[in-house]
Every structure is written in structure tokens, then in C-alpha cells.
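Undergrad: Once you've had a glance at the structure underneath, I'll fire off some questions.
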Amino acid sequence: MSDATVLMTATHAGNAKAAEQLLVLVYDELRRLAASKLAHEAPGQTLQATALVHEAWLRLVGDQNRSFSNREHFFRASAEAMRRILIDKARRKHTVRHGGDYQRVDLEGFDLAAPASGDCLLALNEALDKFALEHPVQAELVKLRYFAGLTNEEVSEVMRISVSTVKNYWTFSRAWLLNEIESE
Amino acid sequence: MLKQAANTMNDDTGREIAIFTEAVKVPPQKRRAFLDDACGGDENLRRKVEALLKAHDRIGNFLEEPPSNGAL
């Protein structure tokens with residue numbers, strides 16, 4: 001991915017052509033991240049994943065102050081961008097539905113496997129913010145594993161920790177977040 | 001990142017994760033004894049780990065599926 005690093009630098013120097021080339025280079029991988037993030041085989045999933053990649057991409061290259069030191073850094077930033085996009089969308093939906101004011105989220109019927117509804121996603125995000133204060137490393141792992149859809153092996157590579165540590169942290173993080181969400 | 005991990009992961013946090021990680025592998029009937037031993041007299045730590053174990057027991061597929069459909 002050293003080509004990408006060079007292109008990222010050029011992109012941030014305002015080279016539009018470099019941005020285009022970079023997109024081609026990382027597109028497939030970003031697309032895969034987005035698709036794995038958006039559940040299996042759901043109708044309309046292809047479109048959603050593509051839209052998510054584009055939006056994440058715009059955020060990443062649109063931020064002029066941003067530079068990426070390497071591939072790992074880039075994917076961490078992508079995971080964060082995708083998480084924010086999903087949360088923003090969930091917030092907008094929530095605001096529209098509740099006539100503009102934020103209300104307490106009703107967690108009855110919280111889908112344990114996939115907090116699909118916007119409200120559940122917001123509750124999860126709130127818990128994740130709290131988690132990050134106490135356990136920043138593990139919260140980062142949740143973003144990569146859950147919001148960016150990376151596998152244990154990929155998270156291990158990006159965070160430079162062993163796969164067994166990834167698995168232990170993941171088990172811990174899920175229990176912590178479920179406990180937090182349910183005790184709210 | 002690792003440096004940050006070392007700095008931010010104070011002893012309590014590290015112990016909480018380590019004890020929980022071990023405890024989930026212990027059969028339920030032996031957990032109490034395991035926690036007696038692992039937590040010593042640290043009631044606060046023990047309460048935290050017990051709450052996590054309870055959550056773990058009903059974890060199901062929590063977060064194993066990516067955010068889907070309704071999320072967007």
C-alpha cells in the first residue's frame with residue numbers, strides 16, 4: 001500500500017488526479033468493509049454499501065488536515081468515518097421521528113444480534129462512548145470489528161496485537177457493552 | 001497505539017479484563033471459588049467482573065452481526 005501512501009500525500013496537496021487514483025486503489029477494500037458492515041444479503045445492501053463507501057471516502061479526503069501514515073492508519077480512519085456516518089443517519093432518523101427532541105430510547109425489543117434500528121444503534125453508540133473513557137483500546141477494537149466489519153485477523157494486523165488478545169478483548173467488550181446498555 | 005494501551009491501561013483495568021477473560025472459561029459452578037481467589041478482597045473489582053459474567057451468560061449473538069437495514 002505504499003503507492004496509496006504516496007497518493008494520500010499528493011491528495012492532501014490538492015492533487016485531484018491523485019485522489020482519483022487513490023480511490024481506485026482502496027475502493028475494493030473499502031467496499032468490502034462497507035458490505036461486511038451492512039449485514040449479509042439484505043435487500044438493497046449493494047446500494048447501501050456503495051453509498052457508505054462514497055460517503056466515507058468524501059469525509060476522508062475532504063478533510064484537508066488529515067494525513068495517513070500507513071495502511072493501518074487509513075483503515076482506522078475509514079472505520080471511524082463509517083461509524084460516524086451510520087450514527088449521524090440514525091440520529092437524523094430519530095430526530096425526525098420524535099419531532100425534533102431527543103427522548104429516552106426504549107430498549108424493549110433490542111435486537112441482540114444486530115441493533116438494526118437507529119435507536120438501538122444510538123444506544124450502542126452512547127455505551128461505546130462511555131466504554132472508550134474507561135477502555136480506549138478495547139473501544140477502538142469494537143469500532144474496527146463491529147463498525148468496520150474487520151475480521152479478528154484484520155483487527156490483529158491493524159492494532160498490532162495477537163489474534164488471541166483480539167478475541168479476549170472482543171469477548172470482554174461485548175459483555176461490557178451489553179451490561180451497560182441493559183443497566184441504563 | 002500500543003504505547004497508548006500501556007499508558008491508559010492501568011492495573012485495575014488490566015486485572016478486570018484478565019480476570020473476566022479467565023473466568024468465562026471456568027465452569028459456572030466453580031466461578032465463585034475462582035473469583036474468591038482472583039479478586040482477593042477487592043469487592044469493587046469483583047462486582048464489576050460478576051456483572052460482566054452475567055452479561056456474558058446471555059450474550060447470544062450480540063454485536064456479531066453488522067449493523068443492518070434499519071440503520072440506514
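Each chain in the C-alpha cells gets a letter, A, B and so on, in the order shown; residues start at 1 in every chain, and ligands are counted from 1 in the order they appear.
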Would you pick out the contacts of region 22-28 of chain B at 9 Å or less, using only C-alpha atoms, so that residues sharing its chain but fewer than 3 positions from it are not included, and give the list as a PyMOL selection string?

TA: chain B and resi 17-19+31-32+34-35+49+53+56-57

Undergrad: Those residues you just picked out, can you put them in a file as a compact mmCIF listing (two decimals), in the first residue's frame with all heavy atoms?

TA:
# COMPACT_ATOMS: atom_id res chain seq x y z
N ILE B 17 -9.97 -7.09 32.96
CA ILE B 17 -10.04 -7.83 31.70
C ILE B 17 -9.45 -9.24 31.87
O ILE B 17 -10.03 -10.22 31.43
CB ILE B 17 -9.31 -7.07 30.57
CG1 ILE B 17 -10.01 -5.74 30.31
CG2 ILE B 17 -9.27 -7.91 29.29
CD1 ILE B 17 -9.31 -4.86 29.29
N ALA B 18 -8.31 -9.32 32.53
CA ALA B 18 -7.64 -10.61 32.70
C ALA B 18 -8.50 -11.58 33.51
O ALA B 18 -8.67 -12.75 33.13
CB ALA B 18 -6.28 -10.41 33.36
N ILE B 19 -9.07 -11.10 34.61
CA ILE B 19 -9.89 -11.98 35.45
C ILE B 19 -11.15 -12.40 34.72
O ILE B 19 -11.53 -13.57 34.73
CB ILE B 19 -10.23 -11.29 36.80
CG1 ILE B 19 -8.95 -11.11 37.62
CG2 ILE B 19 -11.25 -12.11 37.59
CD1 ILE B 19 -9.12 -10.29 38.88
N ARG B 31 -17.02 -20.88 39.45
CA ARG B 31 -16.69 -19.46 39.29
C ARG B 31 -16.52 -18.74 40.62
O ARG B 31 -15.62 -17.92 40.78
CB ARG B 31 -17.79 -18.77 38.49
CG ARG B 31 -17.53 -18.80 37.00
CD ARG B 31 -18.55 -17.94 36.32
NE ARG B 31 -18.56 -18.21 34.89
CZ ARG B 31 -19.53 -17.80 34.08
NH1 ARG B 31 -20.55 -17.13 34.57
NH2 ARG B 31 -19.47 -18.05 32.80
N ARG B 32 -17.40 -19.05 41.55
CA ARG B 32 -17.36 -18.37 42.84
C ARG B 32 -15.98 -18.54 43.49
O ARG B 32 -15.36 -17.56 43.91
CB ARG B 32 -18.45 -18.91 43.76
CG ARG B 32 -18.58 -18.16 45.07
CD ARG B 32 -19.58 -18.85 45.97
NE ARG B 32 -20.96 -18.66 45.48
CZ ARG B 32 -21.76 -17.69 45.92
NH1 ARG B 32 -21.35 -16.85 46.86
NH2 ARG B 32 -22.97 -17.56 45.45
N PHE B 34 -13.27 -19.38 42.00
CA PHE B 34 -12.26 -18.71 41.16
C PHE B 34 -12.19 -17.22 41.49
O PHE B 34 -11.11 -16.65 41.64
CB PHE B 34 -12.59 -18.91 39.68
CG PHE B 34 -11.71 -18.10 38.76
CD1 PHE B 34 -10.45 -18.55 38.41
CD2 PHE B 34 -12.15 -16.87 38.27
CE1 PHE B 34 -9.62 -17.78 37.59
CE2 PHE B 34 -11.33 -16.11 37.45
CZ PHE B 34 -10.06 -16.57 37.10
N LEU B 35 -13.37 -16.59 41.62
CA LEU B 35 -13.41 -15.14 41.89
C LEU B 35 -12.89 -14.82 43.29
O LEU B 35 -12.23 -13.80 43.49
CB LEU B 35 -14.82 -14.59 41.70
CG LEU B 35 -15.33 -14.58 40.25
CD1 LEU B 35 -16.76 -14.09 40.19
CD2 LEU B 35 -14.44 -13.72 39.36
N VAL B 49 -16.63 -7.63 37.67
CA VAL B 49 -16.45 -8.88 36.92
C VAL B 49 -17.73 -9.72 36.95
O VAL B 49 -18.12 -10.31 35.94
CB VAL B 49 -15.24 -9.69 37.47
CG1 VAL B 49 -15.13 -11.04 36.77
CG2 VAL B 49 -13.95 -8.91 37.30
N LEU B 53 -19.83 -11.09 33.79
CA LEU B 53 -20.11 -12.52 33.60
C LEU B 53 -21.60 -12.76 33.37
O LEU B 53 -21.99 -13.57 32.53
CB LEU B 53 -19.62 -13.33 34.80
CG LEU B 53 -18.10 -13.48 34.91
CD1 LEU B 53 -17.71 -14.09 36.25
CD2 LEU B 53 -17.55 -14.32 33.76
N HIS B 56 -22.28 -11.76 29.95
CA HIS B 56 -21.69 -12.76 29.04
C HIS B 56 -22.59 -14.00 28.92
O HIS B 56 -22.71 -14.58 27.84
CB HIS B 56 -20.31 -13.16 29.55
CG HIS B 56 -19.64 -14.19 28.69
ND1 HIS B 56 -19.05 -13.88 27.49
CD2 HIS B 56 -19.50 -15.53 28.83
CE1 HIS B 56 -18.58 -14.98 26.93
NE2 HIS B 56 -18.82 -16.00 27.72
N ASP B 57 -23.22 -14.39 30.02
CA ASP B 57 -24.07 -15.59 30.01
C ASP B 57 -25.28 -15.45 29.09
O ASP B 57 -25.86 -16.44 28.67
CB ASP B 57 -24.54 -15.92 31.43
CG ASP B 57 -23.41 -16.52 32.26
OD1 ASP B 57 -22.42 -16.97 31.64
OD2 ASP B 57 -23.50 -16.52 33.49

Undergrad: Can you pull out the residues contacting region 160-162 of chain A? Cut-off 12 Å, using only C-alpha atoms, and skip same-chain residues under 2 positions away; I want them as a PyMOL selection string.

TA: (chain A and resi 72-73+137-138+141+152-158+164-169) or (chain B and resi 1-3+5)

Undergrad: Just N, CA, C and O atoms for this one: save the residues we selected as a short mmCIF file (atom, residue, chain, number, x, y, z; two decimals), in the first residue's frame.

TA:
data_model
loop_
_atom_site.label_atom_id
_atom_site.label_comp_id
_atom_site.auth_asym_id
_atom_site.auth_seq_id
_atom_site.Cartn_x
_atom_site.Cartn_y
_atom_site.Cartn_z
N GLU A 72 -2.69 0.88 7.97
CA GLU A 72 -3.44 0.66 9.21
C GLU A 72 -4.17 1.93 9.63
O GLU A 72 -5.33 1.91 9.99
N HIS A 73 -3.43 3.01 9.57
CA HIS A 73 -4.00 4.30 9.95
C HIS A 73 -5.19 4.64 9.06
O HIS A 73 -6.24 5.10 9.52
N VAL A 137 -8.56 1.30 24.27
CA VAL A 137 -8.03 0.33 23.31
C VAL A 137 -9.12 -0.64 22.86
O VAL A 137 -9.29 -0.92 21.67
N GLN A 138 -9.90 -1.10 23.83
CA GLN A 138 -10.96 -2.05 23.52
C GLN A 138 -12.07 -1.39 22.72
O GLN A 138 -12.70 -2.02 21.86
N LEU A 141 -11.12 -1.32 19.21
CA LEU A 141 -11.31 -2.66 18.65
C LEU A 141 -12.77 -2.88 18.23
O LEU A 141 -13.06 -3.44 17.19
N ASN A 152 -11.14 -10.87 12.98
CA ASN A 152 -10.17 -10.88 14.09
C ASN A 152 -8.75 -10.72 13.57
O ASN A 152 -7.94 -10.00 14.15
N GLU A 153 -8.47 -11.40 12.47
CA GLU A 153 -7.11 -11.36 11.91
C GLU A 153 -6.77 -9.96 11.42
O GLU A 153 -5.66 -9.47 11.62
N GLU A 154 -7.74 -9.32 10.78
CA GLU A 154 -7.50 -7.96 10.28
C GLU A 154 -7.32 -6.97 11.43
O GLU A 154 -6.46 -6.09 11.39
N VAL A 155 -8.14 -7.14 12.47
CA VAL A 155 -8.01 -6.25 13.64
C VAL A 155 -6.63 -6.45 14.27
O VAL A 155 -5.95 -5.48 14.63
N SER A 156 -6.21 -7.70 14.34
CA SER A 156 -4.91 -8.02 14.91
C SER A 156 -3.80 -7.29 14.15
O SER A 156 -2.87 -6.73 14.74
N GLU A 157 -3.94 -7.27 12.83
CA GLU A 157 -2.94 -6.61 11.99
C GLU A 157 -2.97 -5.10 12.19
O GLU A 157 -1.92 -4.47 12.36
N VAL A 158 -4.16 -4.54 12.18
CA VAL A 158 -4.28 -3.09 12.28
C VAL A 158 -3.83 -2.58 13.66
O VAL A 158 -3.15 -1.56 13.78
N SER A 164 -5.32 -13.85 19.61
CA SER A 164 -5.97 -14.31 20.85
C SER A 164 -6.30 -13.13 21.77
O SER A 164 -7.33 -13.14 22.45
N THR A 165 -5.47 -12.10 21.75
CA THR A 165 -5.80 -10.89 22.52
C THR A 165 -7.03 -10.21 21.92
O THR A 165 -7.90 -9.74 22.65
N VAL A 166 -7.09 -10.18 20.59
CA VAL A 166 -8.28 -9.61 19.93
C VAL A 166 -9.53 -10.33 20.41
O VAL A 166 -10.52 -9.71 20.79
N LYS A 167 -9.46 -11.66 20.42
CA LYS A 167 -10.63 -12.46 20.82
C LYS A 167 -11.01 -12.18 22.27
O LYS A 167 -12.19 -12.02 22.60
N ASN A 168 -10.01 -12.12 23.14
CA ASN A 168 -10.30 -11.84 24.56
C ASN A 168 -10.92 -10.45 24.74
O ASN A 168 -11.90 -10.28 25.46
N TYR A 169 -10.34 -9.46 24.07
CA TYR A 169 -10.86 -8.09 24.18
C TYR A 169 -12.28 -8.01 23.62
O TYR A 169 -13.12 -7.28 24.14
N MET B 1 -0.23 3.22 19.31
CA MET B 1 -1.39 2.55 19.87
C MET B 1 -1.01 1.68 21.06
O MET B 1 -1.61 1.73 22.11
N LEU B 2 0.06 0.89 20.88
CA LEU B 2 0.47 0.03 21.98
C LEU B 2 0.97 0.85 23.15
O LEU B 2 0.70 0.53 24.31
N LYS B 3 1.68 1.89 22.82
CA LYS B 3 2.19 2.76 23.88
C LYS B 3 1.02 3.35 24.65
O LYS B 3 1.00 3.37 25.87
N ALA B 5 -1.89 2.07 24.83
CA ALA B 5 -2.53 0.99 25.59
C ALA B 5 -1.83 0.82 26.93
O ALA B 5 -2.48 0.69 27.97
#

Undergrad: If we count only C-alpha atoms and set the cut-off at 8 Å, which residues sit around Ala81 (chain A), ignoring sequence neighbours fewer than 4 positions away in its own chain? Please answer as a list of chain:residue names.

TA: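 Contacts, in chain order: A:Ala56, A:Arg59, A:Leu60, A:Ala77, A:Ile85.
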
Undergrad: Which residues come within 8 Å of Arg83 (chain A), counting only C-alpha atoms, excluding same-chain residues fewer than 6 positions away, as a list of chain:residue names?

TA: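 Selected residues are A:Lys143, A:Phe147, A:Ala148.
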
Undergrad: Keeping only N, CA, C and O atoms, take the residues you just selected and write them out as a PDB file, in the first residue's frame.

TA:
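Listed below is the output, result-v5.pdb:
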ATOM      1  N   LYS A 143     -14.878  -0.624  17.298  1.00  0.00           N
ATOM      2  CA  LYS A 143     -15.142   0.140  16.073  1.00  0.00           C
ATOM      3  C   LYS A 143     -14.666  -0.628  14.849  1.00  0.00           C
ATOM      4  O   LYS A 143     -15.351  -0.687  13.826  1.00  0.00           O
ATOM      5  N   PHE A 147     -18.076  -1.863  13.621  1.00  0.00           N
ATOM      6  CA  PHE A 147     -18.489  -0.813  12.685  1.00  0.00           C
ATOM      7  C   PHE A 147     -17.794  -0.898  11.342  1.00  0.00           C
ATOM      8  O   PHE A 147     -18.329  -0.465  10.337  1.00  0.00           O
ATOM      9  N   ALA A 148     -16.582  -1.421  11.299  1.00  0.00           N
ATOM     10  CA  ALA A 148     -15.917  -1.535  10.004  1.00  0.00           C
ATOM     11  C   ALA A 148     -15.942  -2.965   9.491  1.00  0.00           C
ATOM     12  O   ALA A 148     -15.519  -3.216   8.376  1.00  0.00           O
TER      13      ALA A 148
END

Undergrad: Rank A:Lys130, A:Glu184, A:Arg91, A:Leu86 by their smallest atom-to-atom distance to chain B, using only C-alpha atoms, and report the top residue only.

TA: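 Smallest distance to chain B is found for A:Leu86.
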
Undergrad: What is the distance, in Å and to one decimal place, between CA of Ala55 (chain B) and CA of Ala175 (chain A)?

TA: 5.2 Å

Undergrad: Which residue gives the smallest distance to Cys39 (chain B) among B:Thr21, B:Leu52, B:Arg58, B:Arg15, with only C-alpha atoms counted?

TA: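 Residue with the minimum atom-to-atom distance to Cys39 (chain B): B:Arg15.
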
Undergrad: Between A:Leu133, A:Leu128, A:Ala90, A:Ala123, which has the minimum distance to chain B (counting only C-alpha atoms)?

TA: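 Closest to chain B, using only C-alpha atoms: A:Ala90.
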
Undergrad: Work out how far apart CA of Ser78 (chain A) and CA of Trp170 (chain A) are and give it in Å to one decimal.

TA: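 Value for the CA of Ser78 (chain A)-CA of Trp170 (chain A) distance: 19.7 Å.
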
Undergrad: For chain A, which residue out of B:Asp12, B:Phe20, B:Glu50, B:Asp42 is the nearest one, using only C-alpha atoms?

TA: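 Smallest distance to chain A is found for B:Phe20.
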